[in-house]
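S.K.: Quick one: the structure is below, and I'll ask about it shortly.
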Amino acid sequence: FNRIESIHYYYWKVDMPRYKDEWIIDRVLFDYVAGGSCACCGFQHFLPNGTADLITAISDMDTDQQTKEVAALQNHPWPPELRDQVWADRVRLRQKLKMDKKVYQALWQDDDKKQQFLDWCRRPETYQNYRRWFQLSRAEVMESVHKKYNIHSAFGVVLCAVVEQVAGFRLTGYPTDARGTAEVDFERILTYDRRGGFVLPL
C-alpha cells in the first residue's frame with residue numbers, strides 16, 4: 001500500500017469505535033492526506049521552536065497547561081506539518097473569537113441595552129421563533145468557520161471532523177466535560193437531528 005491506501009484501509013477496515021477521539025485522529029489524517037488541507041490559506045509562522053512557541057502564545061492557558069501541551073507534542077499522532085497548521089490556526093481563531101467576545105460583553109455592560117434585549121426576549125412573538133433561531137445545520141457551522149474566520153487549512157479539517165463527532169456525541173459514551181453551570185447545561189440539552197441539524201429543545 002502507498003500512504004493514502006494504507007490510511008484508507010485502516011480507516012475503513014479497523015473495528016474502531018465511531019466518533020471516539022481515536023476516530024477523530026484518523027479521520028483528520030485521512031482527509032488531510034487525501035487533499036483536505038488548503039496550503040494557500042495556511043497561517044505561515046516562523047518561530048524558532050515551532051508549535052511549542054504557538055502553545056505558549058495562547059494567553060488563556062496557564063503554565064501547567066502549556067507545559068503539558070508542549071510535552072504531548074513528542075507523542076503527537078499527526079505529521080509535524082499538519083500539527084503546526086492546526087496549532088497556528090487555533091491561535092488565530094482564538095484571537096478572533098476574543099474580539100467577538102468584547103462586542104457581546106459591551107452589550108451586557110450597558111444596562112439600557114441589556115434591559116432592552118431581555119424585554120425583547122420575553123415577547124411572545126420572539127419566544128415562538130427561538131427554536132428556529134437556535135437551529136444550525138452542520139454545513140452552516142463550517143460555512144461560518146470558512147467565511148467569517150477564514151479557516152481553510154488543516155485546522156478546518158479538524159473542525160469538520162469535530163462537528164461530526166459532536167453530532168454523534170451520544171454514541172461515544174463520553175461524559176459531559178464542560179466548565180461552569182452554563183456550559184454544562186448547554187452541553188446536556190444540545191441535540192442533533194439529521195433533518196434540522198443542531199437544535200435546542202426550547
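Each chain in the C-alpha cells gets a letter, A, B, ..., in the order shown, and its residues are numbered from 1; ligands are numbered from 1 in order too.
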Taking 3 positions as the minimum chain separation for residues in the same chain, which residues sit within 12 Å of segment 174-185 of chain A when counting only C-alpha atoms? Answer as number ranges by chain.
M.R.: A: 17, 19-21, 165-166, 168-171, 188-191, 200
S.K.: At a cut-off of 12 Å, using only C-alpha atoms, what residues contact Pro79 of chain A? Leave out same-chain residues fewer than 6 positions from it and give the result as a list in words.
M.R.: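 With the cut-off at 12 Å, the set is Ile25, Asp26, Val28, Leu29, Phe30, Tyr32, Val33, Leu73, Gln85, Val86 and Ala154 of chain A.
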S.K.: Generate the output file for the selected residues, N, CA and C atoms, as a PDB file, in the first residue's frame.
M.R.:
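Saved the output as selection.pdb:
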ATOM      1  N   ILE A  25      -8.752  11.410  15.233  1.00  0.00           N
ATOM      2  CA  ILE A  25      -7.349  11.475  14.818  1.00  0.00           C
ATOM      3  C   ILE A  25      -7.159  10.868  13.432  1.00  0.00           C
ATOM      4  N   ASP A  26      -7.706   9.687  13.220  1.00  0.00           N
ATOM      5  CA  ASP A  26      -7.520   9.007  11.944  1.00  0.00           C
ATOM      6  C   ASP A  26      -8.366   9.622  10.826  1.00  0.00           C
ATOM      7  N   VAL A  28      -9.083  12.823  10.548  1.00  0.00           N
ATOM      8  CA  VAL A  28      -8.375  14.033  10.141  1.00  0.00           C
ATOM      9  C   VAL A  28      -7.170  13.688   9.280  1.00  0.00           C
ATOM     10  N   LEU A  29      -6.410  12.683   9.691  1.00  0.00           N
ATOM     11  CA  LEU A  29      -5.225  12.287   8.932  1.00  0.00           C
ATOM     12  C   LEU A  29      -5.604  11.830   7.531  1.00  0.00           C
ATOM     13  N   PHE A  30      -6.663  11.043   7.440  1.00  0.00           N
ATOM     14  CA  PHE A  30      -7.110  10.568   6.132  1.00  0.00           C
ATOM     15  C   PHE A  30      -7.547  11.730   5.247  1.00  0.00           C
ATOM     16  N   TYR A  32      -6.806  14.886   5.482  1.00  0.00           N
ATOM     17  CA  TYR A  32      -5.687  15.788   5.199  1.00  0.00           C
ATOM     18  C   TYR A  32      -4.819  15.228   4.077  1.00  0.00           C
ATOM     19  N   VAL A  33      -4.473  13.948   4.167  1.00  0.00           N
ATOM     20  CA  VAL A  33      -3.633  13.316   3.145  1.00  0.00           C
ATOM     21  C   VAL A  33      -4.365  13.248   1.809  1.00  0.00           C
ATOM     22  N   LEU A  73       3.535  16.998  22.513  1.00  0.00           N
ATOM     23  CA  LEU A  73       3.956  17.075  21.113  1.00  0.00           C
ATOM     24  C   LEU A  73       4.883  15.918  20.738  1.00  0.00           C
ATOM     25  N   GLN A  85       0.082  23.448  11.364  1.00  0.00           N
ATOM     26  CA  GLN A  85      -1.027  24.211  10.779  1.00  0.00           C
ATOM     27  C   GLN A  85      -2.202  24.290  11.751  1.00  0.00           C
ATOM     28  N   VAL A  86      -2.486  23.162  12.405  1.00  0.00           N
ATOM     29  CA  VAL A  86      -3.600  23.132  13.354  1.00  0.00           C
ATOM     30  C   VAL A  86      -3.367  24.115  14.491  1.00  0.00           C
ATOM     31  N   ALA A 154      -5.476  22.900   7.640  1.00  0.00           N
ATOM     32  CA  ALA A 154      -5.645  21.642   8.367  1.00  0.00           C
ATOM     33  C   ALA A 154      -6.589  21.789   9.555  1.00  0.00           C
TER      34      ALA A 154
END
S.K.: Compile the contact shell of Met142 of chain A as a PyMOL selection string: residues with an atom at most 12 Å away, counting only C-alpha atoms, same-chain residues fewer than 4 positions apart removed.
M.R.: chain A and resi 136-138+146-152+155-164
S.K.: Can you tell me how far atom CA of Thr172 of chain A sits from atom CA of Trp23 of chain A, in Å to one decimal?
M.R.: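 Separation between atom CA of Thr172 of chain A and atom CA of Trp23 of chain A: 10.3 Å.
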S.K.: Where does DSSP see helix (DSSP H, G or I) in segment 148-184 of chain A, if you list the residues as a ChimeraX atom specification?
M.R.: /A:154-167,169-171,180-184
S.K.: What separation in Å, quoted to one decimal, exists between atom CA of Ala167 of chain A and atom CA of Glu143 of chain A?
M.R.: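 Between atom CA of Ala167 of chain A and atom CA of Glu143 of chain A the gap is 16.2 Å.
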